[in-house]
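Text of work.cif (mmCIF, C-alpha atoms and all ligand atoms) as supplied:
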data_protein
#
loop_
_atom_site.label_atom_id
_atom_site.label_comp_id
_atom_site.auth_asym_id
_atom_site.auth_seq_id
_atom_site.Cartn_x
_atom_site.Cartn_y
_atom_site.Cartn_z
CA MET S 285 96.50 157.56 41.09
CA ALA S 286 99.79 155.75 41.08
CA ILE S 287 99.63 153.94 37.77
CA VAL S 288 97.40 154.66 34.79
CA LEU S 289 97.42 152.67 31.58
CA GLU S 290 95.25 154.06 28.82
CA ASP S 291 94.34 152.05 25.78
CA VAL S 292 97.67 150.26 25.78
CA SER S 293 98.54 147.81 23.04
CA LYS S 294 101.77 145.91 22.60
CA THR S 295 102.47 143.90 19.50
CA TYR S 296 105.52 141.71 19.01
CA GLU S 297 106.61 140.38 15.70
CA VAL S 298 107.73 136.78 15.84
CA LYS S 299 109.04 135.30 12.57
CA GLY S 300 106.94 137.68 10.50
CA ARG S 301 103.82 136.92 12.52
CA LYS S 302 102.27 139.53 14.80
CA VAL S 303 101.59 138.59 18.42
CA GLU S 304 99.29 140.95 20.30
CA ALA S 305 100.53 140.65 23.87
CA LEU S 306 98.30 143.50 25.11
CA LYS S 307 95.06 144.62 23.47
CA ARG S 308 93.86 148.15 24.17
CA LEU S 309 94.22 147.59 27.88
CA SER S 310 93.24 150.27 30.39
CA LEU S 311 93.96 150.04 34.09
CA THR S 312 94.19 152.35 37.09
CA VAL S 313 96.08 151.39 40.24
CA GLU S 314 95.46 153.76 43.15
CA GLU S 315 98.26 155.11 45.27
CA GLY S 316 98.97 152.91 48.27
CA GLU S 317 97.09 149.82 47.16
CA ILE S 318 98.22 146.30 46.44
CA PHE S 319 96.95 145.37 43.02
CA GLY S 320 97.21 141.76 41.90
CA ILE S 321 97.07 140.60 38.31
CA ILE S 322 96.30 136.95 37.81
CA GLY S 323 96.27 134.96 34.61
CA PHE S 324 97.63 131.90 32.87
CA SER S 325 100.97 131.79 31.14
CA GLY S 326 100.95 133.87 27.95
CA ALA S 327 98.17 136.19 29.14
CA GLY S 328 100.45 139.24 28.88
CA LYS S 329 101.25 139.80 32.57
CA SER S 330 105.01 140.19 32.20
CA THR S 331 104.59 142.45 29.20
CA LEU S 332 102.37 144.69 31.32
CA LEU S 333 105.02 144.89 34.06
CA ARG S 334 107.80 145.62 31.58
CA LEU S 335 105.83 148.59 30.28
CA ILE S 336 105.40 150.00 33.80
CA ASN S 337 109.07 149.33 34.57
CA LEU S 338 110.14 151.24 31.43
CA LEU S 339 111.87 148.22 30.03
CA GLU S 340 109.63 148.49 26.98
CA GLN S 341 107.42 151.00 25.21
CA PRO S 342 103.81 150.33 24.23
CA SER S 343 102.97 150.03 20.53
CA SER S 344 100.15 152.48 21.23
CA GLY S 345 98.47 154.04 24.25
CA SER S 346 100.05 155.63 27.30
CA VAL S 347 101.48 154.57 30.66
CA SER S 348 101.78 157.01 33.58
CA VAL S 349 103.35 156.53 36.99
CA ASN S 350 102.44 159.09 39.65
CA GLY S 351 101.34 161.64 37.09
CA THR S 352 104.31 161.36 34.73
CA GLU S 353 103.70 159.89 31.31
CA LEU S 354 106.56 157.52 30.74
CA GLY S 355 106.62 157.84 26.95
CA ALA S 356 107.53 161.51 27.29
CA LEU S 357 110.73 160.79 29.23
CA SER S 358 114.23 160.34 27.91
CA GLY S 359 117.83 160.64 29.03
CA GLU S 360 118.45 161.69 32.62
CA LYS S 361 114.74 162.08 33.41
CA LEU S 362 114.08 158.53 32.25
CA ARG S 363 116.93 157.16 34.37
CA THR S 364 115.69 159.07 37.42
CA LYS S 365 112.15 157.77 36.97
CA ARG S 366 113.35 154.18 36.51
CA LYS S 367 114.98 154.34 39.92
CA LYS S 368 111.59 155.16 41.41
CA ILE S 369 110.17 151.90 40.14
CA GLY S 370 111.46 148.88 42.05
CA MET S 371 111.08 145.34 40.88
CA ILE S 372 111.49 141.84 42.27
CA PHE S 373 111.68 138.64 40.29
CA GLN S 374 110.78 134.96 40.47
CA GLN S 375 114.45 133.91 40.20
CA PHE S 376 115.58 136.83 42.42
CA ASN S 377 118.16 138.08 39.84
CA LEU S 378 120.92 138.55 42.37
CA ILE S 379 124.52 138.79 41.30
CA GLU S 380 126.06 135.54 42.55
CA SER S 381 129.63 136.84 42.69
CA LYS S 382 128.66 139.72 44.97
CA THR S 383 127.75 139.59 48.67
CA VAL S 384 124.34 140.62 49.93
CA TYR S 385 125.83 143.99 50.86
CA GLN S 386 127.41 144.44 47.42
CA ASN S 387 124.22 143.46 45.61
CA ILE S 388 122.47 146.41 47.22
CA GLU S 389 125.49 148.71 47.04
CA PHE S 390 125.59 148.10 43.28
CA VAL S 391 122.18 149.71 42.87
CA LEU S 392 122.96 152.61 45.22
CA LYS S 393 126.28 153.37 43.53
CA ALA S 394 124.41 154.24 40.37
CA SER S 395 122.61 156.93 42.41
CA LYS S 396 124.21 159.97 43.96
CA TYR S 397 124.76 158.63 47.46
CA GLU S 398 127.74 159.55 49.61
CA LYS S 399 129.83 156.59 50.74
CA LYS S 400 128.74 157.00 54.37
CA GLU S 401 125.10 157.23 53.37
CA VAL S 402 125.40 154.07 51.29
CA LYS S 403 126.51 152.06 54.33
CA SER S 404 123.75 153.34 56.61
CA ARG S 405 121.12 152.91 53.88
CA ILE S 406 122.15 149.29 53.33
CA GLU S 407 122.06 148.61 57.08
CA GLU S 408 118.61 150.15 57.25
CA LEU S 409 117.38 148.03 54.31
CA LEU S 410 118.81 144.80 55.72
CA ALA S 411 117.16 145.50 59.07
CA LEU S 412 113.84 146.10 57.30
CA VAL S 413 113.96 142.71 55.57
CA GLY S 414 115.42 140.92 58.62
CA LEU S 415 118.83 140.08 57.15
CA SER S 416 121.19 142.23 59.20
CA ASP S 417 123.38 139.20 59.93
CA LYS S 418 123.75 138.20 56.25
CA ALA S 419 125.46 141.28 54.82
CA ASP S 420 128.63 139.36 53.99
CA SER S 421 126.98 136.19 52.74
CA TYR S 422 126.88 135.27 49.07
CA PRO S 423 123.52 134.44 47.43
CA GLY S 424 124.65 130.83 46.97
CA ASN S 425 124.61 130.38 50.75
CA LEU S 426 121.10 131.76 51.25
CA SER S 427 117.71 130.06 51.17
CA GLY S 428 115.16 131.06 48.55
CA GLY S 429 113.27 133.19 51.03
CA GLN S 430 116.45 134.95 52.11
CA LYS S 431 117.37 135.60 48.48
CA GLN S 432 114.01 137.20 47.87
CA ARG S 433 114.50 139.37 50.95
CA VAL S 434 117.72 140.63 49.39
CA GLY S 435 115.79 141.23 46.17
CA ILE S 436 113.26 143.27 48.12
CA ALA S 437 115.98 145.28 49.90
CA ARG S 438 117.61 146.04 46.56
CA ALA S 439 114.31 147.04 44.97
CA LEU S 440 113.62 149.46 47.83
CA ALA S 441 117.10 150.98 47.87
CA ASN S 442 116.20 154.12 45.94
CA HIS S 443 112.93 154.79 47.79
CA PRO S 444 110.65 153.71 44.94
CA GLU S 445 107.13 155.00 44.45
CA VAL S 446 106.02 151.64 43.15
CA LEU S 447 107.15 148.06 43.71
CA LEU S 448 106.52 145.58 40.89
CA CYS S 449 106.53 141.88 41.74
CA ASP S 450 106.98 139.38 38.93
CA GLU S 451 105.91 135.94 40.23
CA ALA S 452 107.93 136.85 43.30
CA THR S 453 106.88 133.83 45.35
CA SER S 454 106.49 131.24 42.59
CA ALA S 455 109.87 129.66 43.33
CA LEU S 456 109.19 129.45 47.08
CA ASP S 457 107.49 126.84 49.26
CA PRO S 458 104.11 127.73 50.83
CA ASP S 459 105.48 128.72 54.26
CA THR S 460 108.20 130.91 52.79
CA THR S 461 105.66 132.41 50.42
CA LYS S 462 103.58 133.46 53.43
CA THR S 463 106.52 135.19 55.13
CA ILE S 464 107.48 137.04 51.96
CA LEU S 465 103.88 138.17 51.40
CA LYS S 466 103.76 139.35 54.99
CA LEU S 467 106.90 141.39 54.42
CA LEU S 468 105.44 142.91 51.25
CA LYS S 469 102.30 143.85 53.15
CA LYS S 470 104.39 145.51 55.84
CA ILE S 471 106.27 147.50 53.19
CA ASN S 472 102.99 148.57 51.64
CA ARG S 473 101.37 149.58 54.92
CA GLU S 474 104.35 151.12 56.68
CA LEU S 475 106.19 152.76 53.80
CA GLY S 476 103.09 153.51 51.73
CA ILE S 477 104.58 151.96 48.61
CA THR S 478 102.10 150.97 45.91
CA ILE S 479 102.54 147.34 44.89
CA VAL S 480 101.60 145.65 41.64
CA LEU S 481 102.10 141.93 41.54
CA ILE S 482 101.59 139.41 38.81
CA THR S 483 101.05 135.77 39.60
CA HIS S 484 99.37 132.61 38.41
CA GLU S 485 98.63 131.63 42.02
CA MET S 486 95.18 132.37 43.41
CA GLU S 487 96.45 131.92 46.99
CA VAL S 488 98.86 134.82 46.59
CA ILE S 489 96.08 137.14 45.46
CA LYS S 490 93.83 136.04 48.32
CA GLU S 491 96.57 136.57 50.87
CA ILE S 492 97.73 140.02 49.92
CA ALA S 493 95.87 141.93 47.18
CA ASP S 494 93.35 144.72 47.79
CA ARG S 495 92.11 144.53 44.23
CA VAL S 496 92.63 142.07 41.44
CA GLY S 497 92.56 142.08 37.66
CA VAL S 498 92.03 138.84 35.78
CA MET S 499 94.01 138.76 32.58
CA THR S 500 93.31 136.65 29.52
CA ALA S 501 94.86 136.99 26.05
CA GLY S 502 96.14 140.52 26.52
CA GLU S 503 93.04 141.93 28.19
CA ILE S 504 91.83 142.48 31.73
CA VAL S 505 88.55 140.63 31.55
CA GLU S 506 87.48 141.24 35.13
CA GLU S 507 88.54 143.76 37.75
CA SER S 508 87.28 144.01 41.30
CA ASP S 509 88.15 143.98 44.96
CA VAL S 510 89.42 140.64 46.18
CA TYR S 511 86.43 139.96 48.41
CA SER S 512 83.89 140.00 45.59
CA ILE S 513 85.95 138.03 43.15
CA PHE S 514 86.21 135.11 45.55
CA SER S 515 82.60 135.18 46.67
CA HIS S 516 81.27 134.22 43.25
CA PRO S 517 78.84 131.28 43.45
P1 LIG U 601 102.60 136.13 30.84
O1 LIG U 601 103.56 136.94 31.63
O2 LIG U 601 101.19 136.29 31.28
O3 LIG U 601 103.01 134.67 30.75
P2 LIG U 601 103.78 137.43 28.54
O4 LIG U 601 103.60 138.89 28.72
O5 LIG U 601 105.10 136.84 28.85
O6 LIG U 601 102.63 136.66 29.33
O7 LIG U 601 103.44 137.06 27.02
C1 LIG U 601 102.26 137.49 26.34
C2 LIG U 601 102.38 137.11 24.87
O8 LIG U 601 103.39 137.89 24.24
C3 LIG U 601 102.76 135.66 24.63
O9 LIG U 601 102.12 135.22 23.45
C4 LIG U 601 104.26 135.74 24.42
O10 LIG U 601 104.71 134.69 23.63
C5 LIG U 601 104.42 137.08 23.72
N1 LIG U 601 105.70 137.73 24.02
C6 LIG U 601 106.09 138.21 25.22
N2 LIG U 601 107.31 138.78 25.14
C7 LIG U 601 107.71 138.65 23.86
C8 LIG U 601 108.87 139.05 23.14
N3 LIG U 601 109.89 139.69 23.74
N4 LIG U 601 108.93 138.75 21.83
C9 LIG U 601 107.92 138.11 21.23
N5 LIG U 601 106.78 137.72 21.83
C10 LIG U 601 106.68 137.97 23.13
P1 LIG U 602 121.58 145.79 32.96
O1 LIG U 602 122.02 147.09 32.38
O2 LIG U 602 122.57 144.68 32.78
O3 LIG U 602 120.17 145.39 32.59
P2 LIG U 602 120.64 146.89 35.43
O4 LIG U 602 121.49 147.95 36.05
O5 LIG U 602 119.41 147.25 34.71
O6 LIG U 602 121.62 146.02 34.52
O7 LIG U 602 120.28 145.82 36.52
C1 LIG U 602 121.26 145.24 37.35
C2 LIG U 602 120.60 144.20 38.21
O8 LIG U 602 119.54 144.79 38.96
C3 LIG U 602 119.98 143.07 37.42
O9 LIG U 602 120.22 141.86 38.10
C4 LIG U 602 118.53 143.41 37.35
O10 LIG U 602 117.75 142.25 37.31
C5 LIG U 602 118.31 144.18 38.63
N1 LIG U 602 117.33 145.28 38.45
C6 LIG U 602 117.16 146.06 37.36
N2 LIG U 602 116.18 146.96 37.53
C7 LIG U 602 115.72 146.76 38.78
C8 LIG U 602 114.73 147.38 39.58
N3 LIG U 602 113.98 148.40 39.13
N4 LIG U 602 114.52 146.93 40.84
C9 LIG U 602 115.28 145.91 41.31
N5 LIG U 602 116.23 145.28 40.60
C10 LIG U 602 116.46 145.70 39.37
#

If you convert what's in this file into structure tokens, what do you get?
Amino acid sequence: MAIVLEDVSKTYEVKGRKVEALKRLSLTVEEGEIFGIIGFSGAGKSTLLRLINLLEQPSSGSVSVNGTELGALSGEKLRTKRKKIGMIFQQFNLIESKTVYQNIEFVLKASKYEKKEVKSRIEELLALVGLSDKADSYPGNLSGGQKQRVGIARALANHPEVLLCDEATSALDPDTTKTILKLLKKINRELGITIVLITHEMEVIKEIADRVGVMTAGEIVEESDVYSIFSHP
């Protein structure tokens, strides 16, 4: 099992008022699958991803990735685990003042790669996402789809166990969305990387997910394989 959330709650305090973003949520994502989470804005989808990405801690409950409980990690072990969880974003989050090459190099530099290895790893990643000819381009000169390809290359740089996608195609037109989803599917099938994606777009789920969780007000109210969820009368 790649990702296990057990009885996870997350409460924020906003101006003295408590907001329950997640309510005793439990979820298991199997290794190698593409799991989609769909829900309206405010349902708690991003909060869920931030807990898996170790950006935040749950108020209660536990989150495990590939058998390691994240709450038990700190220091060097926490940093090492974070590198094994890749993430891509709706607005790509590229550094505009760095080239495509440097955006990926930046992530690898934080790891213990030799200089020569860094170059060959970046070339390998750019070939994987089909951007070998854009290494020296700046994000400002790329299309949205190309920017997301860089985001994907960066997220894969450290050989992650899991790839988290936060509305990764929501800023893209339908055709570009299709090509990015195709690339994600290839990464899942060929590299065996487990993917969790959150989206408000039904089409994205239909196109790519093996299983889907429907999220409302901090809870997963329905969970099933994609075929059965779309064959409801
Ligand atoms: P979604 O991604 O489905 O739109 P979110 O996880 O962003 O949902 O938000 C779930 C709920 O938690 C919302 O009510 C939101 O306002 C609240 N929330 C999310 N992040 C924070 C935060 N950092 N501080 C306070 N409230 C937050
Ligand atoms: P900071 O300390 O400023 O948050 P990070 O080193 O965490 O910087 O992130 C640097 C850049 O990499 C940011 O643009 C961020 O959005 C992106 N990033 C952070 N974590 C990941 C990840 N797991 N996968 C892909 N990109 C990431």

Residues within 8 Å of ligand LIG 601 (chain U), counting only C-alpha atoms and all ligand atoms, as a PDB file with C-alpha atoms, keeping the file's coordinate frame:
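Everything below was put into result-v6.pdb:
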ATOM      1  CA  THR S 295     102.470 143.900  19.500  1.00  0.00           C
ATOM      2  CA  TYR S 296     105.520 141.710  19.010  1.00  0.00           C
ATOM      3  CA  GLU S 297     106.610 140.380  15.700  1.00  0.00           C
ATOM      4  CA  VAL S 298     107.730 136.780  15.840  1.00  0.00           C
ATOM      5  CA  VAL S 303     101.590 138.590  18.420  1.00  0.00           C
ATOM      6  CA  GLU S 304      99.290 140.950  20.300  1.00  0.00           C
ATOM      7  CA  ALA S 305     100.530 140.650  23.870  1.00  0.00           C
ATOM      8  CA  LEU S 306      98.300 143.500  25.110  1.00  0.00           C
ATOM      9  CA  GLY S 323      96.270 134.960  34.610  1.00  0.00           C
ATOM     10  CA  PHE S 324      97.630 131.900  32.870  1.00  0.00           C
ATOM     11  CA  SER S 325     100.970 131.790  31.140  1.00  0.00           C
ATOM     12  CA  GLY S 326     100.950 133.870  27.950  1.00  0.00           C
ATOM     13  CA  ALA S 327      98.170 136.190  29.140  1.00  0.00           C
ATOM     14  CA  GLY S 328     100.450 139.240  28.880  1.00  0.00           C
ATOM     15  CA  LYS S 329     101.250 139.800  32.570  1.00  0.00           C
ATOM     16  CA  SER S 330     105.010 140.190  32.200  1.00  0.00           C
ATOM     17  CA  THR S 331     104.590 142.450  29.200  1.00  0.00           C
ATOM     18  CA  LEU S 332     102.370 144.690  31.320  1.00  0.00           C
ATOM     19  CA  ILE S 482     101.590 139.410  38.810  1.00  0.00           C
ATOM     20  CA  MET S 499      94.010 138.760  32.580  1.00  0.00           C
ATOM     21  CA  ALA S 501      94.860 136.990  26.050  1.00  0.00           C
ATOM     22  CA  GLY S 502      96.140 140.520  26.520  1.00  0.00           C
TER      23      GLY S 502
END

Tell me which protein, DNA and RNA residues are within 12 Å of Glu353 in chain S, counting all atoms listed in the file, leaving out same-chain ones fewer than 2 positions away, and put them as a list in words.
-> Ala286, Ile287, Val288, Leu289, Glu290, Leu335, Ile336, Leu338, Gln341, Pro342, Gly345, Ser346, Val347, Ser348, Val349, Asn350, Gly351, Gly355, Ala356, Leu357, Ser358, Lys361, Leu362 and Lys365 of chain S

Neighbourhood of ligand LIG 602 (chain U) at 12 Å, counting only C-alpha atoms and all ligand atoms, reported as a PyMOL selection string = chain S and resi 333-334+336-339+363-382+386-395+432-450+452

Residues just named, written with C-alpha atoms as a PDB file, in the coordinates of the input:
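For reference, result.pdb as written:
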ATOM      1  CA  LEU S 333     105.020 144.890  34.060  1.00  0.00           C
ATOM      2  CA  ARG S 334     107.800 145.620  31.580  1.00  0.00           C
ATOM      3  CA  ILE S 336     105.400 150.000  33.800  1.00  0.00           C
ATOM      4  CA  ASN S 337     109.070 149.330  34.570  1.00  0.00           C
ATOM      5  CA  LEU S 338     110.140 151.240  31.430  1.00  0.00           C
ATOM      6  CA  LEU S 339     111.870 148.220  30.030  1.00  0.00           C
ATOM      7  CA  ARG S 363     116.930 157.160  34.370  1.00  0.00           C
ATOM      8  CA  THR S 364     115.690 159.070  37.420  1.00  0.00           C
ATOM      9  CA  LYS S 365     112.150 157.770  36.970  1.00  0.00           C
ATOM     10  CA  ARG S 366     113.350 154.180  36.510  1.00  0.00           C
ATOM     11  CA  LYS S 367     114.980 154.340  39.920  1.00  0.00           C
ATOM     12  CA  LYS S 368     111.590 155.160  41.410  1.00  0.00           C
ATOM     13  CA  ILE S 369     110.170 151.900  40.140  1.00  0.00           C
ATOM     14  CA  GLY S 370     111.460 148.880  42.050  1.00  0.00           C
ATOM     15  CA  MET S 371     111.080 145.340  40.880  1.00  0.00           C
ATOM     16  CA  ILE S 372     111.490 141.840  42.270  1.00  0.00           C
ATOM     17  CA  PHE S 373     111.680 138.640  40.290  1.00  0.00           C
ATOM     18  CA  GLN S 374     110.780 134.960  40.470  1.00  0.00           C
ATOM     19  CA  GLN S 375     114.450 133.910  40.200  1.00  0.00           C
ATOM     20  CA  PHE S 376     115.580 136.830  42.420  1.00  0.00           C
ATOM     21  CA  ASN S 377     118.160 138.080  39.840  1.00  0.00           C
ATOM     22  CA  LEU S 378     120.920 138.550  42.370  1.00  0.00           C
ATOM     23  CA  ILE S 379     124.520 138.790  41.300  1.00  0.00           C
ATOM     24  CA  GLU S 380     126.060 135.540  42.550  1.00  0.00           C
ATOM     25  CA  SER S 381     129.630 136.840  42.690  1.00  0.00           C
ATOM     26  CA  LYS S 382     128.660 139.720  44.970  1.00  0.00           C
ATOM     27  CA  GLN S 386     127.410 144.440  47.420  1.00  0.00           C
ATOM     28  CA  ASN S 387     124.220 143.460  45.610  1.00  0.00           C
ATOM     29  CA  ILE S 388     122.470 146.410  47.220  1.00  0.00           C
ATOM     30  CA  GLU S 389     125.490 148.710  47.040  1.00  0.00           C
ATOM     31  CA  PHE S 390     125.590 148.100  43.280  1.00  0.00           C
ATOM     32  CA  VAL S 391     122.180 149.710  42.870  1.00  0.00           C
ATOM     33  CA  LEU S 392     122.960 152.610  45.220  1.00  0.00           C
ATOM     34  CA  LYS S 393     126.280 153.370  43.530  1.00  0.00           C
ATOM     35  CA  ALA S 394     124.410 154.240  40.370  1.00  0.00           C
ATOM     36  CA  SER S 395     122.610 156.930  42.410  1.00  0.00           C
ATOM     37  CA  GLN S 432     114.010 137.200  47.870  1.00  0.00           C
ATOM     38  CA  ARG S 433     114.500 139.370  50.950  1.00  0.00           C
ATOM     39  CA  VAL S 434     117.720 140.630  49.390  1.00  0.00           C
ATOM     40  CA  GLY S 435     115.790 141.230  46.170  1.00  0.00           C
ATOM     41  CA  ILE S 436     113.260 143.270  48.120  1.00  0.00           C
ATOM     42  CA  ALA S 437     115.980 145.280  49.900  1.00  0.00           C
ATOM     43  CA  ARG S 438     117.610 146.040  46.560  1.00  0.00           C
ATOM     44  CA  ALA S 439     114.310 147.040  44.970  1.00  0.00           C
ATOM     45  CA  LEU S 440     113.620 149.460  47.830  1.00  0.00           C
ATOM     46  CA  ALA S 441     117.100 150.980  47.870  1.00  0.00           C
ATOM     47  CA  ASN S 442     116.200 154.120  45.940  1.00  0.00           C
ATOM     48  CA  HIS S 443     112.930 154.790  47.790  1.00  0.00           C
ATOM     49  CA  PRO S 444     110.650 153.710  44.940  1.00  0.00           C
ATOM     50  CA  GLU S 445     107.130 155.000  44.450  1.00  0.00           C
ATOM     51  CA  VAL S 446     106.020 151.640  43.150  1.00  0.00           C
ATOM     52  CA  LEU S 447     107.150 148.060  43.710  1.00  0.00           C
ATOM     53  CA  LEU S 448     106.520 145.580  40.890  1.00  0.00           C
ATOM     54  CA  CYS S 449     106.530 141.880  41.740  1.00  0.00           C
ATOM     55  CA  ASP S 450     106.980 139.380  38.930  1.00  0.00           C
ATOM     56  CA  ALA S 452     107.930 136.850  43.300  1.00  0.00           C
TER      57      ALA S 452
END

Do you have the CA of Leu412 in chain S-CA of Ile479 in chain S distance handy?
->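 Distance between the two atoms: 16.8 Å.
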
Neighbour list for Lys403 in chain S as a PyMOL selection string, cut-off 9 Å, only C-alpha atoms, skip fewer than 5 positions in-chain = chain S and resi 385+389+398+408

Preceding selection exported with C-alpha atoms as a short mmCIF file (atom, residue, chain, number, x, y, z; two decimals), keeping the file's coordinate frame:
data_model
loop_
_atom_site.label_atom_id
_atom_site.label_comp_id
_atom_site.auth_asym_id
_atom_site.auth_seq_id
_atom_site.Cartn_x
_atom_site.Cartn_y
_atom_site.Cartn_z
CA TYR S 385 125.83 143.99 50.86
CA GLU S 389 125.49 148.71 47.04
CA GLU S 398 127.74 159.55 49.61
CA GLU S 408 118.61 150.15 57.25
#

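Candidate residues S:Gly316, S:Pro423, S:Gly429, S:Gly359 were compared for distance to Lys470 in chain S, and the nearest is S:Gly316, using only C-alpha atoms.
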
Can you work out the spacing between CA of Met285 in chain S and CA of Val313 in chain S in Å, to one decimal?
->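 Computed distance, CA of Met285 in chain S to CA of Val313 in chain S, equals 6.2 Å.
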
When you look at Thr460 in chain S with a cut-off of 10 Å (counting all atoms listed in the file), what residues show up, excluding the ones that are within fewer than 6 positions of it in the same chain? I need them as a PDB file with C-alpha atoms, in the frame of the given file.
ATOM      1  CA  SER S 427     117.710 130.060  51.170  1.00  0.00           C
ATOM      2  CA  GLY S 428     115.160 131.060  48.550  1.00  0.00           C
ATOM      3  CA  GLY S 429     113.270 133.190  51.030  1.00  0.00           C
ATOM      4  CA  GLN S 430     116.450 134.950  52.110  1.00  0.00           C
ATOM      5  CA  GLN S 432     114.010 137.200  47.870  1.00  0.00           C
ATOM      6  CA  THR S 453     106.880 133.830  45.350  1.00  0.00           C
ATOM      7  CA  LYS S 466     103.760 139.350  54.990  1.00  0.00           C
TER       8      LYS S 466
END

Between S:Thr383, S:Ser344, S:Lys294, S:Leu475, which is the closest to Lys431 in chain S once you count all atoms listed in the file?
-> S:Thr383

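Separating CA of Val384 in chain S from CA of Ile492 in chain S is a distance of 26.6 Å.
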
Out of S:Gly476, S:Glu407, S:Thr312, S:Ser512, which residue has the shortest atom-to-atom distance to Asp291 in chain S when counting all atoms listed in the file?
-> S:Thr312

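Closest approach to Val413 in chain S from the set S:Ser454, S:Asn425, S:Lys469, S:Val498 is made by S:Lys469, with distances taken over only C-alpha atoms.
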